[in-house]
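Trainee: Have a peek at start38.cif (mmCIF, N, CA and C atoms).
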data_my_file
#
loop_
_atom_site.label_atom_id
_atom_site.label_comp_id
_atom_site.auth_asym_id
_atom_site.auth_seq_id
_atom_site.Cartn_x
_atom_site.Cartn_y
_atom_site.Cartn_z
N MET A 1 48.56 88.38 -5.78
CA MET A 1 48.82 87.03 -6.25
C MET A 1 47.52 86.31 -6.60
N ALA A 2 46.39 86.80 -6.10
CA ALA A 2 45.12 86.17 -6.44
C ALA A 2 44.97 86.15 -7.95
N GLY A 3 44.27 85.18 -8.43
CA GLY A 3 44.12 85.02 -9.87
C GLY A 3 44.86 83.79 -10.34
N ASN A 4 45.93 83.43 -9.65
CA ASN A 4 46.62 82.20 -10.00
C ASN A 4 46.96 81.37 -8.76
N HIS A 5 46.42 81.76 -7.63
CA HIS A 5 46.64 81.02 -6.38
C HIS A 5 45.28 80.76 -5.73
N PHE A 6 45.00 79.51 -5.46
CA PHE A 6 43.74 79.12 -4.86
C PHE A 6 43.97 78.36 -3.55
N VAL A 7 43.07 78.57 -2.60
CA VAL A 7 42.98 77.75 -1.40
C VAL A 7 41.70 76.94 -1.55
N LEU A 8 41.82 75.63 -1.45
CA LEU A 8 40.65 74.75 -1.61
C LEU A 8 40.02 74.43 -0.27
N ASP A 9 38.72 74.61 -0.22
CA ASP A 9 37.92 74.18 0.92
C ASP A 9 37.65 72.68 0.77
N THR A 10 37.23 72.06 1.85
CA THR A 10 36.89 70.64 1.84
C THR A 10 35.85 70.33 0.76
N SER A 11 34.89 71.22 0.59
CA SER A 11 33.84 70.99 -0.42
C SER A 11 34.41 70.92 -1.83
N ALA A 12 35.46 71.67 -2.10
CA ALA A 12 36.10 71.62 -3.42
C ALA A 12 36.80 70.28 -3.63
N ILE A 13 37.44 69.78 -2.58
CA ILE A 13 38.10 68.47 -2.68
C ILE A 13 37.06 67.38 -2.93
N PHE A 14 35.95 67.42 -2.18
CA PHE A 14 34.90 66.42 -2.38
C PHE A 14 34.25 66.55 -3.75
N THR A 15 34.16 67.77 -4.27
CA THR A 15 33.63 67.96 -5.63
C THR A 15 34.45 67.15 -6.62
N LEU A 16 35.77 67.20 -6.47
CA LEU A 16 36.66 66.45 -7.36
C LEU A 16 36.56 64.95 -7.10
N ILE A 17 36.70 64.55 -5.85
CA ILE A 17 36.71 63.13 -5.48
C ILE A 17 35.41 62.43 -5.91
N GLU A 18 34.29 63.09 -5.72
CA GLU A 18 32.99 62.47 -5.97
C GLU A 18 32.47 62.80 -7.38
N ASP A 19 33.29 63.48 -8.17
CA ASP A 19 32.94 63.86 -9.54
C ASP A 19 31.58 64.57 -9.61
N GLU A 20 31.43 65.56 -8.75
CA GLU A 20 30.20 66.36 -8.70
C GLU A 20 30.30 67.51 -9.71
N ASP A 21 29.17 68.23 -9.91
CA ASP A 21 29.20 69.41 -10.77
C ASP A 21 30.31 70.34 -10.30
N GLY A 22 31.16 70.73 -11.23
CA GLY A 22 32.30 71.60 -10.90
C GLY A 22 33.62 70.86 -10.81
N ALA A 23 33.58 69.52 -10.89
CA ALA A 23 34.82 68.74 -10.79
C ALA A 23 35.81 69.11 -11.89
N ASP A 24 35.28 69.40 -13.09
CA ASP A 24 36.16 69.79 -14.19
C ASP A 24 36.85 71.11 -13.88
N ARG A 25 36.18 72.02 -13.20
CA ARG A 25 36.79 73.31 -12.82
C ARG A 25 37.89 73.09 -11.79
N VAL A 26 37.66 72.21 -10.82
CA VAL A 26 38.69 71.92 -9.82
C VAL A 26 39.91 71.32 -10.51
N GLU A 27 39.70 70.39 -11.43
CA GLU A 27 40.82 69.80 -12.19
C GLU A 27 41.61 70.86 -12.93
N GLN A 28 40.88 71.76 -13.60
CA GLN A 28 41.52 72.84 -14.36
C GLN A 28 42.38 73.71 -13.44
N ILE A 29 41.86 74.05 -12.28
CA ILE A 29 42.60 74.87 -11.32
C ILE A 29 43.85 74.12 -10.84
N LEU A 30 43.72 72.84 -10.56
CA LEU A 30 44.87 72.06 -10.10
C LEU A 30 45.98 72.00 -11.15
N LYS A 31 45.61 71.97 -12.42
CA LYS A 31 46.61 71.86 -13.49
C LYS A 31 47.31 73.17 -13.79
N LYS A 32 46.62 74.32 -13.58
CA LYS A 32 47.15 75.59 -14.08
C LYS A 32 47.48 76.63 -13.02
N ASN A 33 47.31 76.30 -11.75
CA ASN A 33 47.47 77.31 -10.71
C ASN A 33 48.22 76.77 -9.50
N LYS A 34 48.69 77.70 -8.69
CA LYS A 34 49.23 77.33 -7.39
C LYS A 34 48.02 77.01 -6.51
N VAL A 35 48.06 75.86 -5.84
CA VAL A 35 46.92 75.43 -5.01
C VAL A 35 47.43 75.06 -3.63
N THR A 36 46.73 75.58 -2.63
CA THR A 36 47.05 75.33 -1.23
C THR A 36 45.85 74.68 -0.55
N VAL A 37 46.14 73.76 0.35
CA VAL A 37 45.10 73.12 1.15
C VAL A 37 45.56 73.15 2.61
N PRO A 38 44.77 73.76 3.49
CA PRO A 38 45.10 73.73 4.92
C PRO A 38 44.95 72.32 5.50
N TRP A 39 45.73 72.02 6.51
CA TRP A 39 45.69 70.70 7.16
C TRP A 39 44.28 70.31 7.58
N VAL A 40 43.48 71.28 7.97
CA VAL A 40 42.14 70.99 8.46
C VAL A 40 41.26 70.42 7.35
N VAL A 41 41.54 70.75 6.10
CA VAL A 41 40.81 70.16 4.97
C VAL A 41 41.12 68.67 4.89
N LEU A 42 42.38 68.32 5.03
CA LEU A 42 42.76 66.91 5.02
C LEU A 42 42.08 66.15 6.15
N MET A 43 42.03 66.78 7.33
CA MET A 43 41.36 66.14 8.46
C MET A 43 39.89 65.89 8.16
N GLU A 44 39.22 66.90 7.56
CA GLU A 44 37.81 66.74 7.24
C GLU A 44 37.60 65.67 6.18
N VAL A 45 38.44 65.65 5.16
CA VAL A 45 38.32 64.61 4.13
C VAL A 45 38.50 63.23 4.76
N LEU A 46 39.48 63.11 5.64
CA LEU A 46 39.74 61.82 6.30
C LEU A 46 38.56 61.38 7.15
N TYR A 47 38.07 62.25 8.04
CA TYR A 47 37.04 61.76 8.95
C TYR A 47 35.69 61.56 8.25
N ILE A 48 35.36 62.41 7.29
CA ILE A 48 34.09 62.24 6.56
C ILE A 48 34.16 60.96 5.70
N SER A 49 35.28 60.78 5.02
CA SER A 49 35.44 59.57 4.19
C SER A 49 35.42 58.32 5.06
N ARG A 50 36.05 58.40 6.20
CA ARG A 50 36.07 57.23 7.11
C ARG A 50 34.66 56.90 7.58
N GLN A 51 33.88 57.93 7.94
CA GLN A 51 32.51 57.70 8.39
C GLN A 51 31.65 57.12 7.27
N GLU A 52 31.82 57.63 6.06
CA GLU A 52 30.94 57.25 4.96
C GLU A 52 31.42 56.05 4.15
N LYS A 53 32.73 55.87 4.04
CA LYS A 53 33.28 54.85 3.14
C LYS A 53 34.22 53.85 3.81
N GLY A 54 34.64 54.12 5.04
CA GLY A 54 35.55 53.23 5.74
C GLY A 54 37.00 53.70 5.72
N GLU A 55 37.79 53.07 6.55
CA GLU A 55 39.19 53.45 6.76
C GLU A 55 40.02 53.34 5.48
N GLU A 56 39.87 52.26 4.75
CA GLU A 56 40.69 52.04 3.55
C GLU A 56 40.47 53.14 2.50
N ILE A 57 39.23 53.47 2.22
CA ILE A 57 38.92 54.52 1.24
C ILE A 57 39.44 55.87 1.75
N ALA A 58 39.26 56.12 3.04
CA ALA A 58 39.73 57.38 3.62
C ALA A 58 41.24 57.53 3.41
N MET A 59 41.99 56.49 3.67
CA MET A 59 43.45 56.56 3.51
C MET A 59 43.86 56.65 2.04
N GLN A 60 43.10 56.01 1.15
CA GLN A 60 43.38 56.13 -0.28
C GLN A 60 43.17 57.57 -0.75
N ARG A 61 42.10 58.18 -0.28
CA ARG A 61 41.82 59.57 -0.65
C ARG A 61 42.90 60.50 -0.12
N TYR A 62 43.31 60.28 1.12
CA TYR A 62 44.37 61.09 1.74
C TYR A 62 45.66 60.99 0.92
N ALA A 63 46.04 59.77 0.56
CA ALA A 63 47.26 59.56 -0.23
C ALA A 63 47.13 60.22 -1.60
N ALA A 64 45.96 60.12 -2.22
CA ALA A 64 45.75 60.72 -3.54
C ALA A 64 45.89 62.23 -3.49
N ILE A 65 45.36 62.85 -2.45
CA ILE A 65 45.48 64.31 -2.29
C ILE A 65 46.95 64.70 -2.15
N LYS A 66 47.67 63.98 -1.33
CA LYS A 66 49.08 64.29 -1.11
C LYS A 66 49.91 64.11 -2.38
N GLN A 67 49.50 63.22 -3.28
CA GLN A 67 50.25 62.97 -4.51
C GLN A 67 49.96 63.99 -5.60
N THR A 68 48.99 64.88 -5.40
CA THR A 68 48.64 65.86 -6.44
C THR A 68 49.67 66.98 -6.57
N GLY A 69 50.50 67.17 -5.58
CA GLY A 69 51.45 68.28 -5.62
C GLY A 69 50.89 69.54 -5.00
N ILE A 70 49.71 69.45 -4.44
CA ILE A 70 49.11 70.58 -3.72
C ILE A 70 50.02 70.95 -2.55
N THR A 71 50.16 72.24 -2.28
CA THR A 71 50.90 72.69 -1.11
C THR A 71 49.99 72.55 0.11
N ILE A 72 50.45 71.83 1.10
CA ILE A 72 49.67 71.65 2.32
C ILE A 72 50.21 72.59 3.39
N VAL A 73 49.31 73.35 4.01
CA VAL A 73 49.69 74.23 5.11
C VAL A 73 49.53 73.42 6.40
N TRP A 74 50.66 73.03 6.99
CA TRP A 74 50.64 72.22 8.21
C TRP A 74 50.67 73.07 9.46
N ASP A 75 51.19 74.28 9.36
CA ASP A 75 51.35 75.16 10.53
C ASP A 75 50.56 76.43 10.34
N VAL A 76 50.17 77.02 11.44
CA VAL A 76 49.47 78.30 11.41
C VAL A 76 50.32 79.31 12.17
N ASP A 77 50.69 80.41 11.50
CA ASP A 77 51.47 81.44 12.16
C ASP A 77 50.55 82.39 12.94
N GLU A 78 51.15 83.31 13.67
CA GLU A 78 50.36 84.20 14.51
C GLU A 78 49.39 85.10 13.73
N PRO A 79 49.80 85.71 12.60
CA PRO A 79 48.84 86.52 11.85
C PRO A 79 47.62 85.69 11.38
N THR A 80 47.86 84.45 10.99
CA THR A 80 46.75 83.59 10.56
C THR A 80 45.87 83.22 11.75
N LEU A 81 46.49 82.96 12.90
CA LEU A 81 45.72 82.68 14.11
C LEU A 81 44.82 83.87 14.45
N LEU A 82 45.36 85.08 14.40
CA LEU A 82 44.58 86.28 14.73
C LEU A 82 43.45 86.49 13.73
N THR A 83 43.72 86.25 12.45
CA THR A 83 42.68 86.37 11.42
C THR A 83 41.60 85.31 11.64
N THR A 84 42.01 84.09 11.95
CA THR A 84 41.06 83.02 12.22
C THR A 84 40.14 83.39 13.39
N ALA A 85 40.72 83.88 14.46
CA ALA A 85 39.93 84.26 15.64
C ALA A 85 38.96 85.39 15.30
N ARG A 86 39.40 86.37 14.52
CA ARG A 86 38.54 87.48 14.12
C ARG A 86 37.36 86.98 13.29
N LEU A 87 37.65 86.10 12.33
CA LEU A 87 36.58 85.55 11.49
C LEU A 87 35.59 84.72 12.31
N LYS A 88 36.11 83.89 13.19
CA LYS A 88 35.26 83.02 14.02
C LYS A 88 34.37 83.86 14.92
N ALA A 89 34.90 84.96 15.46
CA ALA A 89 34.12 85.82 16.35
C ALA A 89 33.10 86.68 15.60
N SER A 90 33.42 87.06 14.37
CA SER A 90 32.59 88.02 13.63
C SER A 90 31.54 87.38 12.72
N TYR A 91 31.76 86.13 12.33
CA TYR A 91 30.86 85.48 11.38
C TYR A 91 30.46 84.11 11.93
N ARG A 92 29.39 83.59 11.46
CA ARG A 92 28.94 82.26 11.90
C ARG A 92 29.64 81.19 11.07
N LEU A 93 30.90 80.98 11.34
CA LEU A 93 31.70 80.00 10.61
C LEU A 93 32.09 78.87 11.55
N SER A 94 32.22 77.69 10.98
CA SER A 94 32.77 76.58 11.76
C SER A 94 34.25 76.86 12.04
N PHE A 95 34.80 76.12 12.97
CA PHE A 95 36.22 76.24 13.29
C PHE A 95 37.07 76.01 12.04
N ALA A 96 36.77 74.91 11.32
CA ALA A 96 37.55 74.57 10.12
C ALA A 96 37.43 75.66 9.06
N ASP A 97 36.21 76.12 8.80
CA ASP A 97 36.01 77.15 7.77
C ASP A 97 36.70 78.45 8.14
N SER A 98 36.78 78.76 9.43
CA SER A 98 37.49 79.96 9.88
C SER A 98 38.97 79.87 9.54
N ILE A 99 39.56 78.69 9.77
CA ILE A 99 40.98 78.48 9.45
C ILE A 99 41.20 78.56 7.93
N ILE A 100 40.35 77.88 7.17
CA ILE A 100 40.50 77.84 5.71
C ILE A 100 40.41 79.25 5.13
N ALA A 101 39.40 80.01 5.55
CA ALA A 101 39.23 81.38 5.05
C ALA A 101 40.40 82.26 5.46
N ALA A 102 40.86 82.11 6.69
CA ALA A 102 42.00 82.93 7.17
C ALA A 102 43.25 82.66 6.35
N ILE A 103 43.49 81.41 6.01
CA ILE A 103 44.67 81.08 5.21
C ILE A 103 44.54 81.69 3.81
N ALA A 104 43.34 81.64 3.23
CA ALA A 104 43.14 82.28 1.92
C ALA A 104 43.41 83.78 2.01
N ILE A 105 42.92 84.42 3.06
CA ILE A 105 43.14 85.85 3.24
C ILE A 105 44.63 86.15 3.41
N GLN A 106 45.28 85.43 4.30
CA GLN A 106 46.70 85.67 4.59
C GLN A 106 47.57 85.43 3.35
N GLN A 107 47.17 84.50 2.51
CA GLN A 107 47.98 84.19 1.33
C GLN A 107 47.56 85.00 0.10
N GLY A 108 46.52 85.82 0.24
CA GLY A 108 46.03 86.59 -0.89
C GLY A 108 45.53 85.70 -2.01
N ALA A 109 44.91 84.58 -1.62
CA ALA A 109 44.47 83.58 -2.59
C ALA A 109 42.95 83.62 -2.75
N ILE A 110 42.49 82.95 -3.80
CA ILE A 110 41.06 82.80 -4.06
C ILE A 110 40.59 81.55 -3.33
N LEU A 111 39.54 81.68 -2.56
CA LEU A 111 38.95 80.55 -1.84
C LEU A 111 37.99 79.83 -2.78
N LEU A 112 38.28 78.57 -3.09
CA LEU A 112 37.43 77.76 -3.96
C LEU A 112 36.59 76.84 -3.10
N HIS A 113 35.27 76.94 -3.28
CA HIS A 113 34.36 76.17 -2.41
C HIS A 113 32.98 76.07 -3.03
N LYS A 114 32.12 75.32 -2.34
CA LYS A 114 30.69 75.34 -2.62
C LYS A 114 29.94 75.19 -1.31
N ASP A 115 30.34 76.00 -0.36
CA ASP A 115 29.79 75.97 1.00
C ASP A 115 29.10 77.29 1.29
N PRO A 116 27.78 77.28 1.41
CA PRO A 116 27.04 78.52 1.64
C PRO A 116 27.46 79.25 2.93
N GLU A 117 28.14 78.55 3.84
CA GLU A 117 28.59 79.18 5.08
C GLU A 117 29.53 80.35 4.83
N TYR A 118 30.22 80.35 3.69
CA TYR A 118 31.16 81.43 3.37
C TYR A 118 30.48 82.68 2.81
N GLN A 119 29.20 82.62 2.53
CA GLN A 119 28.48 83.75 1.93
C GLN A 119 28.77 85.10 2.59
N PRO A 120 28.75 85.19 3.93
CA PRO A 120 29.00 86.48 4.58
C PRO A 120 30.40 87.05 4.34
N LEU A 121 31.33 86.24 3.83
CA LEU A 121 32.72 86.68 3.64
C LEU A 121 32.99 87.22 2.25
N GLN A 122 31.96 87.41 1.43
CA GLN A 122 32.19 87.82 0.04
C GLN A 122 32.94 89.14 -0.09
N ASP A 123 32.85 90.02 0.90
CA ASP A 123 33.59 91.28 0.86
C ASP A 123 34.92 91.19 1.60
N VAL A 124 35.21 90.02 2.17
CA VAL A 124 36.40 89.85 3.00
C VAL A 124 37.50 89.06 2.29
N VAL A 125 37.09 88.06 1.51
CA VAL A 125 38.05 87.20 0.81
C VAL A 125 37.55 86.96 -0.61
N GLU A 126 38.47 86.99 -1.57
CA GLU A 126 38.09 86.68 -2.94
C GLU A 126 37.75 85.20 -3.00
N MET A 127 36.65 84.87 -3.69
CA MET A 127 36.26 83.47 -3.76
C MET A 127 35.66 83.13 -5.10
N GLU A 128 35.76 81.86 -5.43
CA GLU A 128 35.08 81.29 -6.58
C GLU A 128 34.18 80.18 -6.03
N ILE A 129 32.91 80.27 -6.37
CA ILE A 129 31.94 79.32 -5.84
C ILE A 129 31.61 78.29 -6.91
N LEU A 130 31.81 77.04 -6.57
CA LEU A 130 31.45 75.93 -7.44
C LEU A 130 29.94 75.72 -7.36
N PRO A 131 29.36 74.98 -8.33
CA PRO A 131 27.92 74.76 -8.30
C PRO A 131 27.48 74.06 -7.00
N TYR A 132 26.48 74.63 -6.36
CA TYR A 132 25.93 74.01 -5.14
C TYR A 132 25.22 72.72 -5.51
N LYS A 133 25.19 71.79 -4.56
CA LYS A 133 24.43 70.54 -4.77
C LYS A 133 22.96 70.88 -4.90
N LYS A 134 22.27 70.16 -5.78
CA LYS A 134 20.84 70.38 -5.97
C LYS A 134 20.01 69.55 -5.03
#
Let me see the file written as structure tokens.
Mentor:
Amino acid sequence: MAGNHFVLDTSAIFTLIEDEDGADRVEQILKKNKVTVPWVVLMEVLYISRQEKGEEIAMQRYAAIKQTGITIVWDVDEPTLLTTARLKASYRLSFADSIIAAIAIQQGAILLHKDPEYQPLQDVVEMEILPYKK
């Protein structure tokens, strides 16, 4: 199914929200592909936005994401839990990135991001890397 199904990392969402390099690619993917976002991405967008921009902006961003039609993964099944634990134990990934990568693997999706932390997973999960911040 990879090739038309993407899992977006928090960095991909912020690329779009903040109109950073690669925002046009994120828009293109949203228009033409199946897109999934794990709940932990929403949590990260909310808390980072709240810290940097305040509660009102954070909630506006949350509502905007939910209105895009993106499929949100609210639950984690046992195979995803086991994959998450394996990734967390084997690679230097944050808790959130372990969940995001595991969901991409379990769904056979392309992980869209611009987070160098995923570098060690290049042989584990298909990914498309957006331009890194300069």
Trainee: Could you name the residues that touch Glu128 in chain A at 8 Å or less, counting all atoms listed in the file, but leaving out those on the same chain fewer than 2 positions away, as a PDB file with N, CA and C atoms, in the frame of the given file?
Mentor:
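To be explicit, this is the file written out as selection.pdb:
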ATOM      1  N   ALA A 109      44.910  84.580  -1.620  1.00  0.00           N
ATOM      2  CA  ALA A 109      44.470  83.580  -2.590  1.00  0.00           C
ATOM      3  C   ALA A 109      42.950  83.620  -2.750  1.00  0.00           C
ATOM      4  N   ILE A 110      42.490  82.950  -3.800  1.00  0.00           N
ATOM      5  CA  ILE A 110      41.060  82.800  -4.060  1.00  0.00           C
ATOM      6  C   ILE A 110      40.590  81.550  -3.330  1.00  0.00           C
ATOM      7  N   LEU A 111      39.540  81.680  -2.560  1.00  0.00           N
ATOM      8  CA  LEU A 111      38.950  80.550  -1.840  1.00  0.00           C
ATOM      9  C   LEU A 111      37.990  79.830  -2.780  1.00  0.00           C
ATOM     10  N   LEU A 112      38.280  78.570  -3.090  1.00  0.00           N
ATOM     11  CA  LEU A 112      37.430  77.760  -3.960  1.00  0.00           C
ATOM     12  C   LEU A 112      36.590  76.840  -3.100  1.00  0.00           C
ATOM     13  N   HIS A 113      35.270  76.940  -3.280  1.00  0.00           N
ATOM     14  CA  HIS A 113      34.360  76.170  -2.410  1.00  0.00           C
ATOM     15  C   HIS A 113      32.980  76.070  -3.030  1.00  0.00           C
ATOM     16  N   LYS A 114      32.120  75.320  -2.340  1.00  0.00           N
ATOM     17  CA  LYS A 114      30.690  75.340  -2.620  1.00  0.00           C
ATOM     18  C   LYS A 114      29.940  75.190  -1.310  1.00  0.00           C
ATOM     19  N   VAL A 125      37.090  88.060   1.510  1.00  0.00           N
ATOM     20  CA  VAL A 125      38.050  87.200   0.810  1.00  0.00           C
ATOM     21  C   VAL A 125      37.550  86.960  -0.610  1.00  0.00           C
ATOM     22  N   GLU A 126      38.470  86.990  -1.570  1.00  0.00           N
ATOM     23  CA  GLU A 126      38.090  86.680  -2.940  1.00  0.00           C
ATOM     24  C   GLU A 126      37.750  85.200  -3.000  1.00  0.00           C
ATOM     25  N   LEU A 130      31.810  77.040  -6.570  1.00  0.00           N
ATOM     26  CA  LEU A 130      31.450  75.930  -7.440  1.00  0.00           C
ATOM     27  C   LEU A 130      29.940  75.720  -7.360  1.00  0.00           C
ATOM     28  N   PRO A 131      29.360  74.980  -8.330  1.00  0.00           N
ATOM     29  CA  PRO A 131      27.920  74.760  -8.300  1.00  0.00           C
ATOM     30  C   PRO A 131      27.480  74.060  -7.000  1.00  0.00           C
TER      31      PRO A 131
END
Trainee: As a ChimeraX atom specification, list the residues of chain A assigned to alpha helix (DSSP H) by DSSP on the backbone atoms of this structure.
Mentor: /A:10-17,23-32,39-53,55-67,78-90,95-107
Trainee: Hey, what's within 7 Å of Val41 in chain A if we count all atoms listed in the file and toss same-chain stuff fewer than 4 positions away? As a PDB file with N, CA and C atoms, keeping the file's coordinate frame, please?
Mentor:
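selection.pdb, written as the output of this step:
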ATOM      1  N   LEU A   8      41.820  75.630  -1.450  1.00  0.00           N
ATOM      2  CA  LEU A   8      40.650  74.750  -1.610  1.00  0.00           C
ATOM      3  C   LEU A   8      40.020  74.430  -0.270  1.00  0.00           C
ATOM      4  N   ASP A   9      38.720  74.610  -0.220  1.00  0.00           N
ATOM      5  CA  ASP A   9      37.920  74.180   0.920  1.00  0.00           C
ATOM      6  C   ASP A   9      37.650  72.680   0.770  1.00  0.00           C
ATOM      7  N   THR A  10      37.230  72.060   1.850  1.00  0.00           N
ATOM      8  CA  THR A  10      36.890  70.640   1.840  1.00  0.00           C
ATOM      9  C   THR A  10      35.850  70.330   0.760  1.00  0.00           C
ATOM     10  N   VAL A  37      46.140  73.760   0.350  1.00  0.00           N
ATOM     11  CA  VAL A  37      45.100  73.120   1.150  1.00  0.00           C
ATOM     12  C   VAL A  37      45.560  73.150   2.610  1.00  0.00           C
ATOM     13  N   VAL A  45      38.440  65.650   5.160  1.00  0.00           N
ATOM     14  CA  VAL A  45      38.320  64.610   4.130  1.00  0.00           C
ATOM     15  C   VAL A  45      38.500  63.230   4.760  1.00  0.00           C
ATOM     16  N   LEU A  46      39.480  63.110   5.640  1.00  0.00           N
ATOM     17  CA  LEU A  46      39.740  61.820   6.300  1.00  0.00           C
ATOM     18  C   LEU A  46      38.560  61.380   7.150  1.00  0.00           C
ATOM     19  N   ALA A  96      36.770  74.910  11.320  1.00  0.00           N
ATOM     20  CA  ALA A  96      37.550  74.570  10.120  1.00  0.00           C
ATOM     21  C   ALA A  96      37.430  75.660   9.060  1.00  0.00           C
TER      22      ALA A  96
END
Trainee: Assuming the chain letters and numbering stay as they are in my file, what does the PyMOL selection byres ((chain A and resi 22-35) around 6.5) actually select? List them as a list in words.
Mentor: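 That expression, the PyMOL selection byres ((chain A and resi 22-35) around 6.5), corresponds here to Asn4, His5, Phe6, Val7, Leu8, Thr15, Leu16, Asp19, Glu20, Asp21, Thr36, Val37, Ile70, Thr71, Ile72, Leu130 and Pro131 of chain A.
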Trainee: For those residues, write N, CA and C atoms to a file as a PDB file, in the coordinates of the input.
Mentor:
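Here's the written file result_10.pdb:
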ATOM      1  N   ASN A   4      45.930  83.430  -9.650  1.00  0.00           N
ATOM      2  CA  ASN A   4      46.620  82.200 -10.000  1.00  0.00           C
ATOM      3  C   ASN A   4      46.960  81.370  -8.760  1.00  0.00           C
ATOM      4  N   HIS A   5      46.420  81.760  -7.630  1.00  0.00           N
ATOM      5  CA  HIS A   5      46.640  81.020  -6.380  1.00  0.00           C
ATOM      6  C   HIS A   5      45.280  80.760  -5.730  1.00  0.00           C
ATOM      7  N   PHE A   6      45.000  79.510  -5.460  1.00  0.00           N
ATOM      8  CA  PHE A   6      43.740  79.120  -4.860  1.00  0.00           C
ATOM      9  C   PHE A   6      43.970  78.360  -3.550  1.00  0.00           C
ATOM     10  N   VAL A   7      43.070  78.570  -2.600  1.00  0.00           N
ATOM     11  CA  VAL A   7      42.980  77.750  -1.400  1.00  0.00           C
ATOM     12  C   VAL A   7      41.700  76.940  -1.550  1.00  0.00           C
ATOM     13  N   LEU A   8      41.820  75.630  -1.450  1.00  0.00           N
ATOM     14  CA  LEU A   8      40.650  74.750  -1.610  1.00  0.00           C
ATOM     15  C   LEU A   8      40.020  74.430  -0.270  1.00  0.00           C
ATOM     16  N   THR A  15      34.160  67.770  -4.270  1.00  0.00           N
ATOM     17  CA  THR A  15      33.630  67.960  -5.630  1.00  0.00           C
ATOM     18  C   THR A  15      34.450  67.150  -6.620  1.00  0.00           C
ATOM     19  N   LEU A  16      35.770  67.200  -6.470  1.00  0.00           N
ATOM     20  CA  LEU A  16      36.660  66.450  -7.360  1.00  0.00           C
ATOM     21  C   LEU A  16      36.560  64.950  -7.100  1.00  0.00           C
ATOM     22  N   ASP A  19      33.290  63.480  -8.170  1.00  0.00           N
ATOM     23  CA  ASP A  19      32.940  63.860  -9.540  1.00  0.00           C
ATOM     24  C   ASP A  19      31.580  64.570  -9.610  1.00  0.00           C
ATOM     25  N   GLU A  20      31.430  65.560  -8.750  1.00  0.00           N
ATOM     26  CA  GLU A  20      30.200  66.360  -8.700  1.00  0.00           C
ATOM     27  C   GLU A  20      30.300  67.510  -9.710  1.00  0.00           C
ATOM     28  N   ASP A  21      29.170  68.230  -9.910  1.00  0.00           N
ATOM     29  CA  ASP A  21      29.200  69.410 -10.770  1.00  0.00           C
ATOM     30  C   ASP A  21      30.310  70.340 -10.300  1.00  0.00           C
ATOM     31  N   THR A  36      46.730  75.580  -2.630  1.00  0.00           N
ATOM     32  CA  THR A  36      47.050  75.330  -1.230  1.00  0.00           C
ATOM     33  C   THR A  36      45.850  74.680  -0.550  1.00  0.00           C
ATOM     34  N   VAL A  37      46.140  73.760   0.350  1.00  0.00           N
ATOM     35  CA  VAL A  37      45.100  73.120   1.150  1.00  0.00           C
ATOM     36  C   VAL A  37      45.560  73.150   2.610  1.00  0.00           C
ATOM     37  N   ILE A  70      49.710  69.450  -4.440  1.00  0.00           N
ATOM     38  CA  ILE A  70      49.110  70.580  -3.720  1.00  0.00           C
ATOM     39  C   ILE A  70      50.020  70.950  -2.550  1.00  0.00           C
ATOM     40  N   THR A  71      50.160  72.240  -2.280  1.00  0.00           N
ATOM     41  CA  THR A  71      50.900  72.690  -1.110  1.00  0.00           C
ATOM     42  C   THR A  71      49.990  72.550   0.110  1.00  0.00           C
ATOM     43  N   ILE A  72      50.450  71.830   1.100  1.00  0.00           N
ATOM     44  CA  ILE A  72      49.670  71.650   2.320  1.00  0.00           C
ATOM     45  C   ILE A  72      50.210  72.590   3.390  1.00  0.00           C
ATOM     46  N   LEU A 130      31.810  77.040  -6.570  1.00  0.00           N
ATOM     47  CA  LEU A 130      31.450  75.930  -7.440  1.00  0.00           C
ATOM     48  C   LEU A 130      29.940  75.720  -7.360  1.00  0.00           C
ATOM     49  N   PRO A 131      29.360  74.980  -8.330  1.00  0.00           N
ATOM     50  CA  PRO A 131      27.920  74.760  -8.300  1.00  0.00           C
ATOM     51  C   PRO A 131      27.480  74.060  -7.000  1.00  0.00           C
TER      52      PRO A 131
END
Trainee: Which polymer residues have any atom within 12 Å of an atom of Tyr47 in chain A, counting only C-alpha atoms, with same-chain residues fewer than 6 positions away left out, as a VMD selection string?
Mentor: chain A and resid 10 40 to 41 53 to 59 61 to 62
Trainee: Keeping N, CA and C atoms for every residue in the selection just given, could you write it to a file as a CSV table (one decimal), in the coordinates of the input?
Mentor:
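Output (selection.csv):
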chain,number,residue,atom,x,y,z
A,10,THR,N,37.2,72.1,1.8
A,10,THR,CA,36.9,70.6,1.8
A,10,THR,C,35.8,70.3,0.8
A,40,VAL,N,43.5,71.3,8.0
A,40,VAL,CA,42.1,71.0,8.5
A,40,VAL,C,41.3,70.4,7.4
A,41,VAL,N,41.5,70.8,6.1
A,41,VAL,CA,40.8,70.2,5.0
A,41,VAL,C,41.1,68.7,4.9
A,53,LYS,N,32.7,55.9,4.0
A,53,LYS,CA,33.3,54.8,3.1
A,53,LYS,C,34.2,53.8,3.8
A,54,GLY,N,34.6,54.1,5.0
A,54,GLY,CA,35.6,53.2,5.7
A,54,GLY,C,37.0,53.7,5.7
A,55,GLU,N,37.8,53.1,6.6
A,55,GLU,CA,39.2,53.4,6.8
A,55,GLU,C,40.0,53.3,5.5
A,56,GLU,N,39.9,52.3,4.8
A,56,GLU,CA,40.7,52.0,3.6
A,56,GLU,C,40.5,53.1,2.5
A,57,ILE,N,39.2,53.5,2.2
A,57,ILE,CA,38.9,54.5,1.2
A,57,ILE,C,39.4,55.9,1.8
A,58,ALA,N,39.3,56.1,3.0
A,58,ALA,CA,39.7,57.4,3.6
A,58,ALA,C,41.2,57.5,3.4
A,59,MET,N,42.0,56.5,3.7
A,59,MET,CA,43.4,56.6,3.5
A,59,MET,C,43.9,56.6,2.0
A,61,ARG,N,42.1,58.2,-0.3
A,61,ARG,CA,41.8,59.6,-0.6
A,61,ARG,C,42.9,60.5,-0.1
A,62,TYR,N,43.3,60.3,1.1
A,62,TYR,CA,44.4,61.1,1.7
A,62,TYR,C,45.7,61.0,0.9
Trainee: Which neighbours of Trp74 in chain A fall inside 6 Å, counting all atoms listed in the file, when residues of the same chain fewer than 2 positions from it are skipped, and could you give them as a ChimeraX atom specification?
Mentor: /A:38-39,72,76
